[in-house]
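Engineer: upload_23.txt is the file, holding compact mmCIF, C-alpha atoms:
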```txt
# COMPACT_ATOMS: atom_id res chain seq x y z
CA MET R 160 -9.67 17.71 5.92
CA THR R 161 -7.73 19.77 3.38
CA LEU R 162 -4.47 18.30 4.57
CA PHE R 163 -5.93 14.81 4.41
CA TYR R 164 -6.95 15.30 0.79
CA LEU R 165 -3.61 16.89 -0.06
CA PHE R 166 -1.52 14.10 1.43
CA GLY R 167 -3.85 11.41 0.12
CA ALA R 168 -3.75 12.81 -3.40
CA VAL R 169 0.04 13.03 -3.33
CA ALA R 170 0.31 9.44 -2.07
CA VAL R 171 -2.10 8.06 -4.67
CA ILE R 172 -0.66 9.99 -7.61
CA ALA R 173 2.92 9.17 -6.67
CA SER R 174 2.04 5.49 -6.28
CA LEU R 175 0.33 5.47 -9.67
CA LEU R 176 3.40 7.05 -11.24
CA VAL R 177 5.59 4.42 -9.55
CA ILE R 178 3.71 1.79 -11.51
CA ALA R 179 3.64 3.80 -14.73
CA GLN R 180 7.33 4.67 -14.84
CA ARG R 181 9.59 2.73 -17.17
CA ASN R 182 12.81 3.66 -15.41
CA PRO R 183 13.12 2.03 -11.95
CA ILE R 184 15.16 4.93 -10.59
CA TYR R 185 12.23 7.31 -11.09
CA SER R 186 9.97 4.68 -9.55
CA VAL R 187 12.09 4.56 -6.40
CA LEU R 188 12.23 8.37 -6.11
CA LEU R 189 8.47 8.67 -6.60
CA LEU R 190 7.90 6.01 -3.99
CA ILE R 191 9.93 8.12 -1.55
CA ALA R 192 7.55 11.02 -2.29
CA SER R 193 4.61 8.71 -1.62
CA PHE R 194 6.14 7.69 1.70
CA GLY R 195 6.58 11.34 2.63
CA ALA R 196 2.87 11.94 2.03
CA LEU R 197 2.01 8.87 4.09
CA SER R 198 4.19 10.22 6.87
CA GLY R 199 2.12 13.41 6.81
CA LEU R 200 -1.01 11.28 7.13
CA TYR R 201 0.48 9.58 10.18
CA VAL R 202 1.06 13.00 11.74
CA LEU R 203 -2.60 13.78 11.08
CA LEU R 204 -3.48 10.52 12.80
CA GLN R 205 -1.48 11.67 15.84
CA ALA R 206 1.15 8.97 15.45
CA PRO R 207 4.43 10.89 15.43
CA PHE R 208 6.53 7.80 16.15
CA VAL R 209 5.28 6.03 13.04
CA ALA R 210 5.67 9.20 10.98
CA VAL R 211 9.32 9.60 11.94
CA THR R 212 10.02 5.89 11.53
CA GLN R 213 8.43 6.00 8.10
CA ILE R 214 10.85 8.67 7.00
CA ILE R 215 13.95 7.25 8.66
CA VAL R 216 13.48 3.55 8.02
CA TYR R 217 11.48 3.46 4.81
CA ALA R 218 12.65 6.50 2.90
CA GLY R 219 16.08 6.51 4.46
CA ALA R 220 17.08 2.86 4.57
CA ILE R 221 14.88 0.58 2.49
CA MET R 222 14.55 2.91 -0.48
CA VAL R 223 18.28 3.61 -0.49
CA LEU R 224 18.79 -0.15 -0.62
CA PHE R 225 16.49 -0.30 -3.64
CA LEU R 226 18.28 2.60 -5.29
CA PHE R 227 21.61 0.93 -4.65
CA VAL R 228 20.48 -2.31 -6.31
CA VAL R 229 18.97 -0.45 -9.28
CA MET R 230 22.24 1.33 -9.90
CA LEU R 231 24.28 -1.83 -9.26
CA LEU R 232 22.36 -3.88 -11.82
CA ASN R 233 22.59 -1.07 -14.37
CA ALA R 234 19.58 -2.34 -16.30
CA PRO R 235 17.26 0.61 -16.04
CA HIS R 236 14.79 -0.23 -18.77
CA GLU R 237 12.33 -3.02 -19.02
CA GLU R 238 13.78 -5.23 -21.71
CA THR R 239 11.55 -7.52 -23.64
CA GLU R 240 12.14 -8.55 -27.18
CA HIS R 241 9.02 -7.32 -28.96
CA ASP R 242 7.22 -4.76 -26.86
CA GLU R 243 10.08 -2.44 -26.08
CA LYS R 244 8.19 0.46 -27.63
CA ILE R 245 4.85 -0.12 -25.95
CA HIS R 246 4.28 1.51 -22.61
CA PRO R 247 4.20 -1.13 -19.86
CA LEU R 248 0.64 -0.28 -18.87
CA ARG R 249 -0.72 -0.65 -22.40
CA ARG R 250 0.50 -4.11 -23.29
CA PRO R 251 -2.07 -6.67 -24.34
CA GLY R 252 -2.90 -10.07 -23.02
CA PRO R 253 -2.36 -11.26 -19.47
CA MET R 254 -1.28 -7.84 -18.27
CA ARG R 255 -4.60 -6.34 -19.16
CA PHE R 256 -6.19 -9.24 -17.33
CA GLY R 257 -4.06 -8.39 -14.30
CA ALA R 258 -5.12 -4.76 -14.45
CA VAL R 259 -8.77 -5.81 -14.59
CA LEU R 260 -8.17 -8.08 -11.62
CA ALA R 261 -6.69 -5.20 -9.61
CA ALA R 262 -9.63 -2.94 -10.54
CA VAL R 263 -12.04 -5.64 -9.39
CA LEU R 264 -10.16 -5.84 -6.09
CA LEU R 265 -10.45 -2.07 -5.65
CA VAL R 266 -14.19 -2.10 -6.36
CA GLU R 267 -14.68 -4.98 -3.97
CA LEU R 268 -12.75 -3.26 -1.18
CA LEU R 269 -14.63 0.00 -1.66
CA TRP R 270 -17.94 -1.85 -1.75
CA ALA R 271 -17.09 -3.63 1.50
CA LEU R 272 -16.08 -0.34 3.11
CA THR R 273 -19.15 1.65 2.08
CA ARG R 274 -21.61 -1.12 2.82
CA ALA R 275 -21.61 -0.54 6.56
CA GLY R 276 -22.90 2.99 6.11
CA SER R 277 -21.20 5.92 4.51
CA GLU R 278 -21.23 7.99 7.68
CA GLY R 279 -18.04 6.59 9.13
CA THR R 280 -17.01 6.86 12.72
CA ALA R 281 -15.26 10.00 13.81
CA PHE R 282 -12.08 9.59 15.78
CA PRO R 283 -12.26 10.08 19.51
CA GLY R 284 -10.41 13.07 20.83
CA ALA R 285 -7.60 11.00 22.22
CA ASP R 286 -4.20 12.32 23.12
CA VAL R 287 -1.13 11.77 21.04
CA ILE R 288 0.31 8.35 21.81
CA SER R 289 3.79 9.21 22.96
CA VAL R 290 6.99 7.43 22.09
CA ARG R 291 7.33 6.68 25.79
CA ALA R 292 4.09 4.67 25.77
CA ILE R 293 5.11 2.80 22.64
CA GLY R 294 8.53 1.95 24.05
CA LYS R 295 7.00 0.79 27.29
CA ALA R 296 4.55 -1.49 25.51
CA LEU R 297 7.29 -2.73 23.20
CA PHE R 298 9.50 -3.85 26.07
CA THR R 299 6.80 -5.27 28.35
CA ASP R 300 3.77 -6.63 26.52
CA TYR R 301 5.53 -7.16 23.22
CA ALA R 302 8.97 -8.13 24.52
CA PHE R 303 8.99 -11.59 22.96
CA PRO R 304 7.90 -10.48 19.47
CA PHE R 305 10.47 -7.70 19.69
CA GLU R 306 13.28 -10.19 20.35
CA VAL R 307 12.01 -12.46 17.58
CA THR R 308 12.22 -9.43 15.31
CA SER R 309 15.93 -9.14 16.01
CA LEU R 310 16.33 -12.81 15.10
CA LEU R 311 14.46 -12.15 11.86
CA ILE R 312 16.79 -9.30 10.99
CA ILE R 313 19.85 -11.46 11.60
CA VAL R 314 18.48 -14.28 9.47
CA ALA R 315 17.62 -11.82 6.69
CA MET R 316 21.07 -10.27 6.84
CA VAL R 317 22.89 -13.61 6.66
CA GLY R 318 20.53 -14.78 3.93
CA ALA R 319 21.07 -11.67 1.85
CA VAL R 320 24.85 -11.97 2.13
CA VAL R 321 24.79 -15.66 1.20
CA LEU R 322 22.40 -15.14 -1.71
CA ALA R 323 24.21 -12.17 -3.21
CA LYS R 324 27.68 -13.63 -2.76
CA ARG R 325 29.45 -14.32 -6.01
CA ASP R 326 29.88 -18.03 -6.53
CA THR R 327 33.59 -18.46 -7.25
CA ARG R 328 33.59 -22.23 -7.67
CA ARG R 329 31.89 -22.28 -11.05
CA GLY R 330 30.81 -19.70 -13.55
CA GLY R 331 31.50 -16.67 -11.46
CA ALA R 332 34.40 -14.33 -11.91
CA PRO R 333 37.58 -15.48 -10.20
CA ALA R 334 38.56 -13.75 -7.04
CA PRO R 335 40.86 -10.80 -7.57
CA PRO R 336 44.48 -11.59 -6.79
CA THR R 337 45.59 -10.39 -3.45
CA PRO R 338 48.59 -8.11 -3.54
CA MET J 193 -15.06 18.50 9.31
CA MET J 194 -12.42 15.99 10.28
CA PRO J 195 -11.65 12.93 8.16
CA THR J 196 -13.24 9.82 9.58
CA LEU J 197 -11.97 6.28 9.89
CA ASN J 198 -13.71 5.37 6.66
CA ASP J 199 -11.81 8.00 4.71
CA TYR J 200 -8.51 6.52 5.80
CA LEU J 201 -9.68 3.00 5.02
CA VAL J 202 -10.79 4.05 1.52
CA LEU J 203 -7.40 5.66 0.91
CA SER J 204 -5.71 2.50 2.17
CA ALA J 205 -7.85 0.37 -0.17
CA ILE J 206 -6.92 2.57 -3.14
CA LEU J 207 -3.21 2.31 -2.35
CA PHE J 208 -3.48 -1.45 -1.87
CA ALA J 209 -5.20 -1.82 -5.24
CA ILE J 210 -2.47 0.27 -6.89
CA GLY J 211 0.15 -2.03 -5.41
CA THR J 212 -1.73 -5.10 -6.59
CA ALA J 213 -2.01 -3.65 -10.08
CA GLY J 214 1.74 -3.06 -10.07
CA VAL J 215 2.46 -6.67 -9.12
CA PHE J 216 0.13 -7.93 -11.84
CA VAL J 217 0.96 -5.55 -14.66
CA ARG J 218 4.66 -4.82 -14.48
CA ARG J 219 7.31 -7.13 -15.87
CA ASN J 220 10.26 -5.83 -13.90
CA LEU J 221 11.38 -7.54 -10.72
CA ILE J 222 12.40 -4.32 -8.99
CA THR J 223 9.12 -2.59 -9.78
CA ILE J 224 7.25 -5.63 -8.48
CA LEU J 225 9.15 -5.37 -5.19
CA LEU J 226 8.32 -1.64 -5.05
CA SER J 227 4.64 -2.48 -5.57
CA ILE J 228 4.82 -4.89 -2.64
CA GLU J 229 6.16 -2.01 -0.55
CA ILE J 230 3.16 0.10 -1.62
CA MET J 231 0.83 -2.67 -0.46
CA LEU J 232 2.61 -2.96 2.89
CA ASN J 233 2.28 0.79 3.38
CA ALA J 234 -1.42 0.69 2.61
CA VAL J 235 -1.84 -1.92 5.32
CA ASN J 236 0.26 0.20 7.69
CA LEU J 237 -2.05 3.16 7.10
CA SER J 238 -5.11 1.14 8.01
CA PHE J 239 -3.36 -0.20 11.12
CA VAL J 240 -2.56 3.30 12.34
CA ALA J 241 -6.08 4.52 11.54
CA PHE J 242 -7.61 1.65 13.50
CA GLY J 243 -5.23 2.25 16.37
CA ARG J 244 -6.23 5.91 16.44
CA SER J 245 -9.86 4.93 16.34
CA LEU J 246 -9.47 2.53 19.28
CA GLY J 247 -7.18 4.89 21.19
CA THR J 248 -4.45 2.33 21.83
CA ALA J 249 -0.78 2.07 20.92
CA ASP J 250 -1.16 -1.47 19.54
CA GLY J 251 -1.69 -0.33 15.98
CA GLN J 252 1.55 1.60 15.93
CA ILE J 253 3.45 -1.32 17.45
CA ILE J 254 2.16 -3.65 14.75
CA VAL J 255 3.28 -1.07 12.18
CA PHE J 256 6.72 -1.25 13.75
CA PHE J 257 6.79 -5.02 13.23
CA VAL J 258 5.49 -4.69 9.68
CA MET J 259 8.32 -2.27 8.91
CA THR J 260 10.84 -4.77 10.24
CA VAL J 261 9.41 -7.52 8.08
CA ALA J 262 9.43 -5.15 5.10
CA ALA J 263 13.10 -4.39 5.65
CA ALA J 264 13.98 -8.09 5.86
CA GLU J 265 11.88 -8.84 2.81
CA ALA J 266 13.51 -6.06 0.81
CA ALA J 267 17.02 -7.24 1.72
CA VAL J 268 16.41 -10.89 0.85
CA GLY J 269 14.31 -10.06 -2.21
CA LEU J 270 16.93 -7.74 -3.65
CA ALA J 271 19.65 -10.32 -3.00
CA ILE J 272 17.60 -12.86 -4.96
CA VAL J 273 17.11 -10.30 -7.74
CA ILE J 274 20.87 -9.75 -7.92
CA GLY J 275 21.49 -13.49 -8.11
CA MET J 276 18.92 -13.97 -10.84
CA PHE J 277 20.27 -11.03 -12.82
CA ARG J 278 23.73 -12.60 -12.72
CA HIS J 279 22.41 -15.79 -14.26
CA ARG J 280 20.08 -14.41 -16.93
CA GLU J 281 21.19 -10.80 -17.49
CA SER J 282 17.56 -9.77 -17.34
CA LEU J 283 15.03 -8.45 -14.86
CA ASN J 284 11.99 -9.78 -16.68
CA PRO J 285 10.32 -12.50 -14.59
CA ASP J 286 9.14 -14.22 -17.78
CA THR J 287 12.71 -15.27 -18.54
CA PHE J 288 12.97 -17.22 -15.30
CA THR J 289 11.11 -20.33 -16.32
CA SER J 290 13.23 -23.04 -14.74
CA LEU J 291 14.04 -23.57 -11.10
CA LYS J 292 17.48 -25.04 -11.75
CA TRP J 293 20.06 -24.55 -14.45
```
Could you rewrite the structure in this file as structure tokens?
Structural biologist:
Amino acid sequence: MTLFYLFGAVAVIASLLVIAQRNPIYSVLLLIASFGALSGLYVLLQAPFVAVTQIIVYAGAIMVLFLFVVMLLNAPHEETEHDEKIHPLRRPGPMRFGAVLAAVLLVELLWALTRAGSEGTAFPGADVISVRAIGKALFTDYAFPFEVTSLLIIVAMVGAVVLAKRDTRRGGAPAPPTP
Amino acid sequence: MMPTLNDYLVLSAILFAIGTAGVFVRRNLITILLSIEIMLNAVNLSFVAFGRSLGTADGQIIVFFVMTVAAAEAAVGLAIVIGMFRHRESLNPDTFTSLKW
């Protein structure tokens, strides 16, 4: 229970700081901390495969991609003409409305969760689900979705390359001369 | 006393609400994408908790698929962000008011 509260507190606080940060680089690094705490929660839930995948894929690959783009764009600060000085969470108008909307969502979710009875159901004393079992299910019961996943990755890769490619026909910088 | 399924679901709801607040409140495309990642992770946590509660591997397999979709979404989303930044020199979504220019 102590570990649950520890990891949960780290995840929640790091996620809050992700939103509150003005510099996206700090946001990305804090999100990696949040993912580490979530990985600990997965270990507590006896899901070692998901815990390791969380670290390797999320913290290792996706967040590095984010960090790469943040540094590539070189526009670390939120740039608006008039409210540069105001902290992003304290701006008036529609943003406050959005914050209220998110708070309403949280209250609604918590209300729905506690309505059924605050006791909660304890977990059964099941064994750790091994990577072997997951791999077996992935290649037998879930073989078709798994293959579709590879198609999705290819489409995303081609799409990302096409979208981020510099358009040399108009507007873009001319291609560097080849030696 | 061990944490119950409800504890994990409450934590997942809190994280999901934080992600939603980030999407609503922030005016930075990269932070909005990061908030979407927070929401996806909240959903992942509830999937794993349900899978543990039911004693099957299905929850973890769905988490695997969600991670794949998150990776694809991050790649395409960041490519779009790069393209938009090239056109407008800004990351503020309020400056992107026209679909074609």
Engineer: So that I can see what lies close to Ser290 of chain J, please list as a list in words the residues with an atom at most 12 Å from it, counting all atoms listed in the file and leaving out residues fewer than 3 positions away in the same chain.
Structural biologist: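 Residues meeting the cut-off are Met276, His279, Arg280, Pro285, Asp286, Thr287 and Trp293 of chain J.
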Engineer: Write to file, as an mmCIF file, in the coordinates of the input, the residues of the selection just made, with C-alpha atoms.
Structural biologist:
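Result file follows (selection_8.cif):
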```
data_model
loop_
_atom_site.group_PDB
_atom_site.id
_atom_site.type_symbol
_atom_site.label_atom_id
_atom_site.label_comp_id
_atom_site.auth_asym_id
_atom_site.auth_seq_id
_atom_site.Cartn_x
_atom_site.Cartn_y
_atom_site.Cartn_z
ATOM 1 C CA MET J 276 18.920 -13.970 -10.840
ATOM 2 C CA HIS J 279 22.410 -15.790 -14.260
ATOM 3 C CA ARG J 280 20.080 -14.410 -16.930
ATOM 4 C CA PRO J 285 10.320 -12.500 -14.590
ATOM 5 C CA ASP J 286 9.140 -14.220 -17.780
ATOM 6 C CA THR J 287 12.710 -15.270 -18.540
ATOM 7 C CA TRP J 293 20.060 -24.550 -14.450
#
```
Engineer: Point out the residue among R:Phe305, R:Phe166, R:Tyr185, R:Trp270 with the least atom-to-atom distance to Phe225 of chain R, counting all atoms listed in the file.
Structural biologist: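 Residue with the minimum atom-to-atom distance to Phe225 of chain R: R:Tyr185.
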Engineer: Restrict the distance test to only C-alpha atoms, flag each residue of chain R within 6 Å of chain J, and return the flagged residues as a PyMOL selection string.
Structural biologist: chain R and resi 160+178+254+257-258+261+265+279-282+312+315+319+322-323
Engineer: Could you tell me how far atom CA of Phe227 of chain R sits from atom CA of Ser193 of chain R, in Å to one decimal place?
Structural biologist: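 Atom-to-atom, atom CA of Ser193 of chain R and atom CA of Phe227 of chain R are spaced 18.9 Å apart.
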Engineer: Between atom CA of Leu188 of chain R and atom CA of Val223 of chain R, what is the distance, to one decimal in Å?
Structural biologist: 9.5 Å
Engineer: Can you measure atom CA of Ser186 of chain R to atom CA of Ile221 of chain R for me? One decimal in Å is fine.
Structural biologist: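 That distance, rounded to one decimal, is 13.6 Å.
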Engineer: Please work out which residues fall within 10 Å of (13.2, 5.6, 3.1), coordinates as given in the file, with all atoms listed in the file counting, and return them as a PyMOL selection string.
Structural biologist: chain R and resi 187-188+190-192+194-195+212-225
Engineer: Taking all atoms of segment 309-314 of chain R that the file lists and extending 8 Å past them on each side, where is the centre of the axis-aligned box and how long are its edges? Answer in Å to one decimal, as JSON.
Structural biologist:
```
{"center_x": 17.2, "center_y": -11.7, "center_z": 12.7, "size_x": 21.4, "size_y": 21.1, "size_z": 22.5}
```
Engineer: I want to know what sits within 12 Å of Ala292 of chain R, based on only C-alpha atoms, with residues of the same chain fewer than 2 positions away left out; could you give that as a list in words?
Structural biologist: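 Final neighbour list, sorted by chain and number: Ala206, Phe208, Asp286, Val287, Ile288, Ser289, Val290, Gly294, Lys295, Ala296, Leu297, Phe298, Thr299 and Asp300 of chain R; Thr248, Ala249, Asp250, Gln252 and Ile253 of chain J.
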Engineer: Taking 4 positions as the minimum chain separation for residues in the same chain, which residues sit within 8 Å of Phe163 of chain R when counting all atoms listed in the file? Answer as a PyMOL selection string.
Structural biologist: (chain R and resi 167+200+203) or (chain J and resi 195)
Engineer: Write out, as a compact mmCIF listing (two decimals), in the coordinates of the input, the residues just selected, with C-alpha atoms.
Structural biologist:
```txt
# COMPACT_ATOMS: atom_id res chain seq x y z
CA GLY R 167 -3.85 11.41 0.12
CA LEU R 200 -1.01 11.28 7.13
CA LEU R 203 -2.60 13.78 11.08
CA PRO J 195 -11.65 12.93 8.16
```
Engineer: Since the input lacks some atoms of segment 231-262 of chain J, please model N, CA and C atoms and print them as a PDB file, in the frame of the given file.
Structural biologist:
```pdb
ATOM      1  N   MET J 231       1.891  -1.918  -1.134  1.00  0.00           N
ATOM      2  CA  MET J 231       0.830  -2.670  -0.460  1.00  0.00           C
ATOM      3  C   MET J 231       1.058  -2.701   1.047  1.00  0.00           C
ATOM      4  N   LEU J 232       2.320  -2.930   1.454  1.00  0.00           N
ATOM      5  CA  LEU J 232       2.610  -2.960   2.890  1.00  0.00           C
ATOM      6  C   LEU J 232       2.285  -1.621   3.540  1.00  0.00           C
ATOM      7  N   ASN J 233       2.560  -0.519   2.808  1.00  0.00           N
ATOM      8  CA  ASN J 233       2.280   0.790   3.380  1.00  0.00           C
ATOM      9  C   ASN J 233       0.793   1.058   3.485  1.00  0.00           C
ATOM     10  N   ALA J 234       0.033   0.545   2.525  1.00  0.00           N
ATOM     11  CA  ALA J 234      -1.420   0.690   2.610  1.00  0.00           C
ATOM     12  C   ALA J 234      -1.942  -0.001   3.861  1.00  0.00           C
ATOM     13  N   VAL J 235      -1.412  -1.194   4.117  1.00  0.00           N
ATOM     14  CA  VAL J 235      -1.840  -1.920   5.320  1.00  0.00           C
ATOM     15  C   VAL J 235      -1.416  -1.158   6.571  1.00  0.00           C
ATOM     16  N   ASN J 236      -0.209  -0.595   6.555  1.00  0.00           N
ATOM     17  CA  ASN J 236       0.260   0.200   7.690  1.00  0.00           C
ATOM     18  C   ASN J 236      -0.689   1.349   7.986  1.00  0.00           C
ATOM     19  N   LEU J 237      -1.141   2.019   6.912  1.00  0.00           N
ATOM     20  CA  LEU J 237      -2.050   3.160   7.100  1.00  0.00           C
ATOM     21  C   LEU J 237      -3.336   2.723   7.783  1.00  0.00           C
ATOM     22  N   SER J 238      -3.872   1.577   7.366  1.00  0.00           N
ATOM     23  CA  SER J 238      -5.110   1.140   8.010  1.00  0.00           C
ATOM     24  C   SER J 238      -4.861   0.725   9.448  1.00  0.00           C
ATOM     25  N   PHE J 239      -3.683   0.154   9.737  1.00  0.00           N
ATOM     26  CA  PHE J 239      -3.360  -0.200  11.120  1.00  0.00           C
ATOM     27  C   PHE J 239      -3.329   1.042  12.009  1.00  0.00           C
ATOM     28  N   VAL J 240      -2.659   2.085  11.528  1.00  0.00           N
ATOM     29  CA  VAL J 240      -2.560   3.300  12.340  1.00  0.00           C
ATOM     30  C   VAL J 240      -3.936   3.943  12.513  1.00  0.00           C
ATOM     31  N   ALA J 241      -4.740   3.918  11.434  1.00  0.00           N
ATOM     32  CA  ALA J 241      -6.080   4.520  11.540  1.00  0.00           C
ATOM     33  C   ALA J 241      -6.930   3.761  12.548  1.00  0.00           C
ATOM     34  N   PHE J 242      -6.843   2.428  12.525  1.00  0.00           N
ATOM     35  CA  PHE J 242      -7.610   1.650  13.500  1.00  0.00           C
ATOM     36  C   PHE J 242      -7.100   1.899  14.920  1.00  0.00           C
ATOM     37  N   GLY J 243      -5.771   1.979  15.055  1.00  0.00           N
ATOM     38  CA  GLY J 243      -5.230   2.250  16.370  1.00  0.00           C
ATOM     39  C   GLY J 243      -5.689   3.596  16.923  1.00  0.00           C
ATOM     40  N   ARG J 244      -5.730   4.594  16.034  1.00  0.00           N
ATOM     41  CA  ARG J 244      -6.230   5.910  16.440  1.00  0.00           C
ATOM     42  C   ARG J 244      -7.698   5.841  16.815  1.00  0.00           C
ATOM     43  N   SER J 245      -8.440   5.039  16.056  1.00  0.00           N
ATOM     44  CA  SER J 245      -9.860   4.930  16.340  1.00  0.00           C
ATOM     45  C   SER J 245     -10.112   4.254  17.676  1.00  0.00           C
ATOM     46  N   LEU J 246      -9.282   3.250  18.020  1.00  0.00           N
ATOM     47  CA  LEU J 246      -9.470   2.530  19.280  1.00  0.00           C
ATOM     48  C   LEU J 246      -8.760   3.217  20.433  1.00  0.00           C
ATOM     49  N   GLY J 247      -7.863   4.168  20.123  1.00  0.00           N
ATOM     50  CA  GLY J 247      -7.180   4.890  21.190  1.00  0.00           C
ATOM     51  C   GLY J 247      -6.100   4.100  21.881  1.00  0.00           C
ATOM     52  N   THR J 248      -5.531   3.105  21.217  1.00  0.00           N
ATOM     53  CA  THR J 248      -4.450   2.330  21.830  1.00  0.00           C
ATOM     54  C   THR J 248      -3.182   2.477  21.010  1.00  0.00           C
ATOM     55  N   ALA J 249      -2.070   2.008  21.613  1.00  0.00           N
ATOM     56  CA  ALA J 249      -0.780   2.070  20.920  1.00  0.00           C
ATOM     57  C   ALA J 249      -0.524   0.804  20.115  1.00  0.00           C
ATOM     58  N   ASP J 250      -1.440  -0.172  20.168  1.00  0.00           N
ATOM     59  CA  ASP J 250      -1.160  -1.470  19.540  1.00  0.00           C
ATOM     60  C   ASP J 250      -0.997  -1.345  18.036  1.00  0.00           C
ATOM     61  N   GLY J 251      -1.798  -0.483  17.419  1.00  0.00           N
ATOM     62  CA  GLY J 251      -1.690  -0.330  15.980  1.00  0.00           C
ATOM     63  C   GLY J 251      -0.314   0.122  15.562  1.00  0.00           C
ATOM     64  N   GLN J 252       0.231   1.093  16.290  1.00  0.00           N
ATOM     65  CA  GLN J 252       1.550   1.600  15.930  1.00  0.00           C
ATOM     66  C   GLN J 252       2.627   0.563  16.170  1.00  0.00           C
ATOM     67  N   ILE J 253       2.441  -0.287  17.188  1.00  0.00           N
ATOM     68  CA  ILE J 253       3.450  -1.320  17.450  1.00  0.00           C
ATOM     69  C   ILE J 253       3.425  -2.354  16.339  1.00  0.00           C
ATOM     70  N   ILE J 254       2.226  -2.699  15.860  1.00  0.00           N
ATOM     71  CA  ILE J 254       2.160  -3.650  14.750  1.00  0.00           C
ATOM     72  C   ILE J 254       2.800  -3.041  13.510  1.00  0.00           C
ATOM     73  N   VAL J 255       2.617  -1.730  13.317  1.00  0.00           N
ATOM     74  CA  VAL J 255       3.280  -1.070  12.180  1.00  0.00           C
ATOM     75  C   VAL J 255       4.791  -1.189  12.307  1.00  0.00           C
ATOM     76  N   PHE J 256       5.283  -1.079  13.523  1.00  0.00           N
ATOM     77  CA  PHE J 256       6.720  -1.250  13.750  1.00  0.00           C
ATOM     78  C   PHE J 256       7.184  -2.633  13.280  1.00  0.00           C
ATOM     79  N   PHE J 257       6.414  -3.660  13.641  1.00  0.00           N
ATOM     80  CA  PHE J 257       6.790  -5.020  13.230  1.00  0.00           C
ATOM     81  C   PHE J 257       6.685  -5.182  11.721  1.00  0.00           C
ATOM     82  N   VAL J 258       5.650  -4.579  11.138  1.00  0.00           N
ATOM     83  CA  VAL J 258       5.490  -4.690   9.680  1.00  0.00           C
ATOM     84  C   VAL J 258       6.684  -4.041   8.977  1.00  0.00           C
ATOM     85  N   MET J 259       7.152  -2.914   9.516  1.00  0.00           N
ATOM     86  CA  MET J 259       8.320  -2.270   8.910  1.00  0.00           C
ATOM     87  C   MET J 259       9.540  -3.166   8.994  1.00  0.00           C
ATOM     88  N   THR J 260       9.705  -3.861  10.117  1.00  0.00           N
ATOM     89  CA  THR J 260      10.840  -4.770  10.240  1.00  0.00           C
ATOM     90  C   THR J 260      10.763  -5.874   9.196  1.00  0.00           C
ATOM     91  N   VAL J 261       9.571  -6.455   9.064  1.00  0.00           N
ATOM     92  CA  VAL J 261       9.410  -7.520   8.080  1.00  0.00           C
ATOM     93  C   VAL J 261       9.652  -6.977   6.673  1.00  0.00           C
ATOM     94  N   ALA J 262       9.220  -5.737   6.421  1.00  0.00           N
ATOM     95  CA  ALA J 262       9.430  -5.150   5.100  1.00  0.00           C
ATOM     96  C   ALA J 262      10.912  -4.968   4.820  1.00  0.00           C
TER      97      ALA J 262
END
```
